[in-house]
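> There's a structure below that I have some questions on.
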Amino acid sequence: MVRFGYKLMTEEHGPSALVENARRAEDAGFDFVSISDHFHPWLESQGHSPFAWSVLGAIAATTSRIGITTGLTCPIIRYHPAIIAQAAATIAAMSEGRFTLAIGAGERLNEHVTGARWPSAPERHEMLAEAIEIFRALWSGGVHTLRLKHFTVDHARLYEAPERPIPIVVGVSGPHSVALAAEKADGMMATEAKPELVQAYRAKASRPGPRYAEVTLAYASSEEAAVKIVHERFRFGALGWSVMSEAPSVESFEAATKFVRPEDVREGAGLGPDPESHLKAIRTFIDAGFDHIVLTGVGDDQAGFIDFFQRELKPRLTDLAKAA
């Protein structure tokens, strides 16, 4: 069965609004929420970036059914893996096992803030593999000392270790990250409707897990109003990951997207008040083989978007999921 999630965009909303949006998403019948974990927004027009883990604690405490996942946390530079192991175990306990840790190799935009060196993508993938090793060791209970190539854990024990292992999902965009997800993780997450990513993951994984993907939607009074919102808030997506992972600042993204036109953000997005536009965008990811679809409603009117999901999308998505 395909499951549908709601994206908590920390770049677009303050901490209290995010908690309220998660509560609304649970009431509206979403299966899970996925929260971005950034130090900066992508663009000045987004204007927010609260600490995701504080927000996660509040969400875990104020919801009772809905699944919770990060999307994505980079646990290798701005954070040490041992800290994320402890944070994830705490959220898992507070949510009574509803938490999934989704991790990725990060963006320079967020990870440079401590002054640490920005490694190449292959090195970051090595670091992610070590982070997963650290997570699983600490979650197993007991005292652990690990001296790995990139990280050291010195006589560490989690006194709030999870009752059962926390699922780990790895963000993928190409063959190296797909191989890492297949070998080390319990699932994969992507932002593009590329069936080859799903096919490669399923071919390589001994026990393929959930395949997450994010789809961009903008509910508004008209298609043109929705295009305007996406262009204002989400035009950074037109740059692709080779740029998005390397640009160092909000100012860089403002400059890099200066010539992105409104028509450039139309492709693949659900736009306006017509449910068919949104269903078409979502169906592309289902047809590509993804089974956990994160609906990213761009813009300020999250109450309107969540109501639109409950009224117009959810009944049809239920039939679409059954068919898939």
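Naming scheme: A, B, ... for chains in displayed order of the structure tokens; residues 1 onward per chain; ligands 1 onward as shown.
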Using only C-alpha atoms, which residues sit within 9 Å of Ala60 of chain A once same-chain residues fewer than 5 positions away are excluded, as a VMD selection string?

chain A and resid 55 68 91 to 96 98 to 99

> Could those residues be written to a file, using N, CA, C and O atoms, as an mmCIF file, in the first residue's frame?


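Produced file out-v4.cif, reproduced below:
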data_model
loop_
_atom_site.group_PDB
_atom_site.id
_atom_site.type_symbol
_atom_site.label_atom_id
_atom_site.label_comp_id
_atom_site.auth_asym_id
_atom_site.auth_seq_id
_atom_site.Cartn_x
_atom_site.Cartn_y
_atom_site.Cartn_z
ATOM 1 N N VAL A 55 11.457 20.956 17.426
ATOM 2 C CA VAL A 55 10.126 20.827 16.849
ATOM 3 C C VAL A 55 9.666 19.365 16.879
ATOM 4 O O VAL A 55 8.510 19.067 17.195
ATOM 5 N N ILE A 68 6.476 9.749 12.003
ATOM 6 C CA ILE A 68 7.347 10.921 12.015
ATOM 7 C C ILE A 68 8.692 10.533 11.411
ATOM 8 O O ILE A 68 9.270 9.510 11.783
ATOM 9 N N ILE A 91 13.357 10.868 20.399
ATOM 10 C CA ILE A 91 12.106 11.067 19.662
ATOM 11 C C ILE A 91 11.364 9.745 19.503
ATOM 12 O O ILE A 91 10.130 9.692 19.585
ATOM 13 N N ALA A 92 12.089 8.657 19.289
ATOM 14 C CA ALA A 92 11.440 7.344 19.200
ATOM 15 C C ALA A 92 10.712 7.006 20.492
ATOM 16 O O ALA A 92 9.592 6.482 20.473
ATOM 17 N N ALA A 93 11.339 7.320 21.634
ATOM 18 C CA ALA A 93 10.703 7.055 22.921
ATOM 19 C C ALA A 93 9.475 7.939 23.123
ATOM 20 O O ALA A 93 8.412 7.470 23.545
ATOM 21 N N MET A 94 9.614 9.220 22.808
ATOM 22 C CA MET A 94 8.501 10.154 22.999
ATOM 23 C C MET A 94 7.318 9.829 22.092
ATOM 24 O O MET A 94 6.163 10.067 22.461
ATOM 25 N N SER A 95 7.603 9.286 20.905
ATOM 26 C CA SER A 95 6.533 8.985 19.947
ATOM 27 C C SER A 95 6.060 7.539 20.037
ATOM 28 O O SER A 95 5.245 7.114 19.217
ATOM 29 N N GLU A 96 6.601 6.784 20.988
ATOM 30 C CA GLU A 96 6.249 5.374 21.177
ATOM 31 C C GLU A 96 6.481 4.572 19.892
ATOM 32 O O GLU A 96 5.640 3.799 19.452
ATOM 33 N N ARG A 98 7.121 5.675 16.713
ATOM 34 C CA ARG A 98 6.609 6.160 15.419
ATOM 35 C C ARG A 98 7.679 6.838 14.570
ATOM 36 O O ARG A 98 7.372 7.364 13.498
ATOM 37 N N PHE A 99 8.925 6.823 14.999
ATOM 38 C CA PHE A 99 9.962 7.632 14.360
ATOM 39 C C PHE A 99 10.839 6.838 13.401
ATOM 40 O O PHE A 99 11.230 5.703 13.683
#

> Per residue of segment 60-164 of chain A within 9 Å of segment 171-182 of chain A, note the shortest atom pair and the distance in Å to one decimal, counting only C-alpha atoms, and order the rows by chain and increasing residue number, as a tab-separated table.


residue	atom	partner	partner_atom	distance
A:Gly71	CA	A:Gly171	CA	8.3
A:Leu72	CA	A:Gly171	CA	7.1
A:Ala102	CA	A:Gly171	CA	7.1
A:Ile103	CA	A:Gly171	CA	6.1
A:Gly104	CA	A:Gly171	CA	4.9
A:Ala105	CA	A:Gly171	CA	7.7
A:Pro122	CA	A:His176	CA	7.8
A:His125	CA	A:Ser177	CA	7.0
A:Glu126	CA	A:Leu180	CA	8.9
A:Leu128	CA	A:Leu180	CA	8.5
A:Ala129	CA	A:Leu180	CA	7.2

> Which of these residues is nearest to His150 of chain A, using only C-alpha atoms: A:Glu224, A:Arg164, A:His231, A:Glu130?

A:Glu130

> DSSP on the backbone: which residues in segment 101-320 of chain A end up as strand (DSSP E)? Give the answer as a count of residues only.

36

> Could you name the residues that touch segment 6-18 of chain A at 10 Å or less, counting only C-alpha atoms, but leaving out those on the same chain fewer than 4 positions away, as a PyMOL selection string?

chain A and resi 22-26+29-52+54-56+58-59+68-71+214-216+233+293-300+302+306+309

> Output as a PDB file with C-alpha atoms, in the first residue's frame all residues of segment 110-228 of chain A that backbone DSSP marks as helix (DSSP H, G or I).


ATOM      1  CA  ASN A 110      23.886  24.199   6.216  1.00  0.00           C
ATOM      2  CA  GLU A 111      26.988  22.253   7.155  1.00  0.00           C
ATOM      3  CA  HIS A 112      29.663  24.969   6.768  1.00  0.00           C
ATOM      4  CA  VAL A 113      28.394  26.944   9.764  1.00  0.00           C
ATOM      5  CA  THR A 114      30.757  25.291  12.275  1.00  0.00           C
ATOM      6  CA  ALA A 121      30.526  13.549  -2.063  1.00  0.00           C
ATOM      7  CA  PRO A 122      32.385  10.174  -1.961  1.00  0.00           C
ATOM      8  CA  GLU A 123      33.911  11.095   1.398  1.00  0.00           C
ATOM      9  CA  ARG A 124      30.542  12.197   2.748  1.00  0.00           C
ATOM     10  CA  HIS A 125      29.095   8.835   1.736  1.00  0.00           C
ATOM     11  CA  GLU A 126      31.900   7.106   3.666  1.00  0.00           C
ATOM     12  CA  MET A 127      31.018   9.257   6.652  1.00  0.00           C
ATOM     13  CA  LEU A 128      27.322   8.350   6.333  1.00  0.00           C
ATOM     14  CA  ALA A 129      28.192   4.652   6.374  1.00  0.00           C
ATOM     15  CA  GLU A 130      30.160   5.180   9.602  1.00  0.00           C
ATOM     16  CA  ALA A 131      27.290   7.199  11.080  1.00  0.00           C
ATOM     17  CA  ILE A 132      24.914   4.289  10.475  1.00  0.00           C
ATOM     18  CA  GLU A 133      27.380   1.950  12.198  1.00  0.00           C
ATOM     19  CA  ILE A 134      27.462   4.295  15.197  1.00  0.00           C
ATOM     20  CA  PHE A 135      23.663   4.595  15.334  1.00  0.00           C
ATOM     21  CA  ARG A 136      23.152   0.855  15.377  1.00  0.00           C
ATOM     22  CA  ALA A 137      25.872   0.258  17.950  1.00  0.00           C
ATOM     23  CA  LEU A 138      24.508   2.842  20.393  1.00  0.00           C
ATOM     24  CA  TRP A 139      20.878   1.823  19.849  1.00  0.00           C
ATOM     25  CA  PRO A 175      24.464   5.118  -8.052  1.00  0.00           C
ATOM     26  CA  HIS A 176      26.776   5.704  -5.065  1.00  0.00           C
ATOM     27  CA  SER A 177      24.034   6.827  -2.674  1.00  0.00           C
ATOM     28  CA  VAL A 178      21.711   4.076  -3.975  1.00  0.00           C
ATOM     29  CA  ALA A 179      24.391   1.485  -3.213  1.00  0.00           C
ATOM     30  CA  LEU A 180      24.800   2.913   0.299  1.00  0.00           C
ATOM     31  CA  ALA A 181      21.058   2.788   0.940  1.00  0.00           C
ATOM     32  CA  ALA A 182      20.847  -0.765  -0.348  1.00  0.00           C
ATOM     33  CA  GLU A 183      23.795  -2.011   1.715  1.00  0.00           C
ATOM     34  CA  LYS A 184      23.432  -0.113   4.997  1.00  0.00           C
ATOM     35  CA  PRO A 195      12.332   4.848 -11.847  1.00  0.00           C
ATOM     36  CA  GLU A 196      15.990   3.912 -12.334  1.00  0.00           C
ATOM     37  CA  LEU A 197      16.703   4.913  -8.712  1.00  0.00           C
ATOM     38  CA  VAL A 198      14.006   2.549  -7.439  1.00  0.00           C
ATOM     39  CA  GLN A 199      15.047  -0.227  -9.802  1.00  0.00           C
ATOM     40  CA  ALA A 200      18.702   0.018  -8.803  1.00  0.00           C
ATOM     41  CA  TYR A 201      17.841   0.081  -5.100  1.00  0.00           C
ATOM     42  CA  ARG A 202      15.561  -2.948  -5.348  1.00  0.00           C
ATOM     43  CA  ALA A 203      18.153  -4.844  -7.383  1.00  0.00           C
ATOM     44  CA  LYS A 204      20.953  -4.170  -4.879  1.00  0.00           C
ATOM     45  CA  GLU A 223      -2.764  27.899 -11.518  1.00  0.00           C
ATOM     46  CA  GLU A 224      -1.001  31.188 -12.153  1.00  0.00           C
ATOM     47  CA  ALA A 225      -1.121  32.105  -8.455  1.00  0.00           C
ATOM     48  CA  ALA A 226       0.388  28.708  -7.646  1.00  0.00           C
ATOM     49  CA  VAL A 227       3.178  29.186 -10.196  1.00  0.00           C
ATOM     50  CA  LYS A 228       3.963  32.542  -8.589  1.00  0.00           C
TER      51      LYS A 228
END

> With only C-alpha atoms as the basis for distance, which of A:Ala85, A:Ala303, A:Lys322, A:Arg235 is at the shortest distance from Glu263 of chain A?

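Of all the options, A:Arg235 lies closest to Glu263 of chain A.
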
> Can you tell me how far atom CA of Pro119 of chain A sits from atom CA of Arg78 of chain A, in Å to one decimal?

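Here the two named atoms are 12.4 Å from each other.
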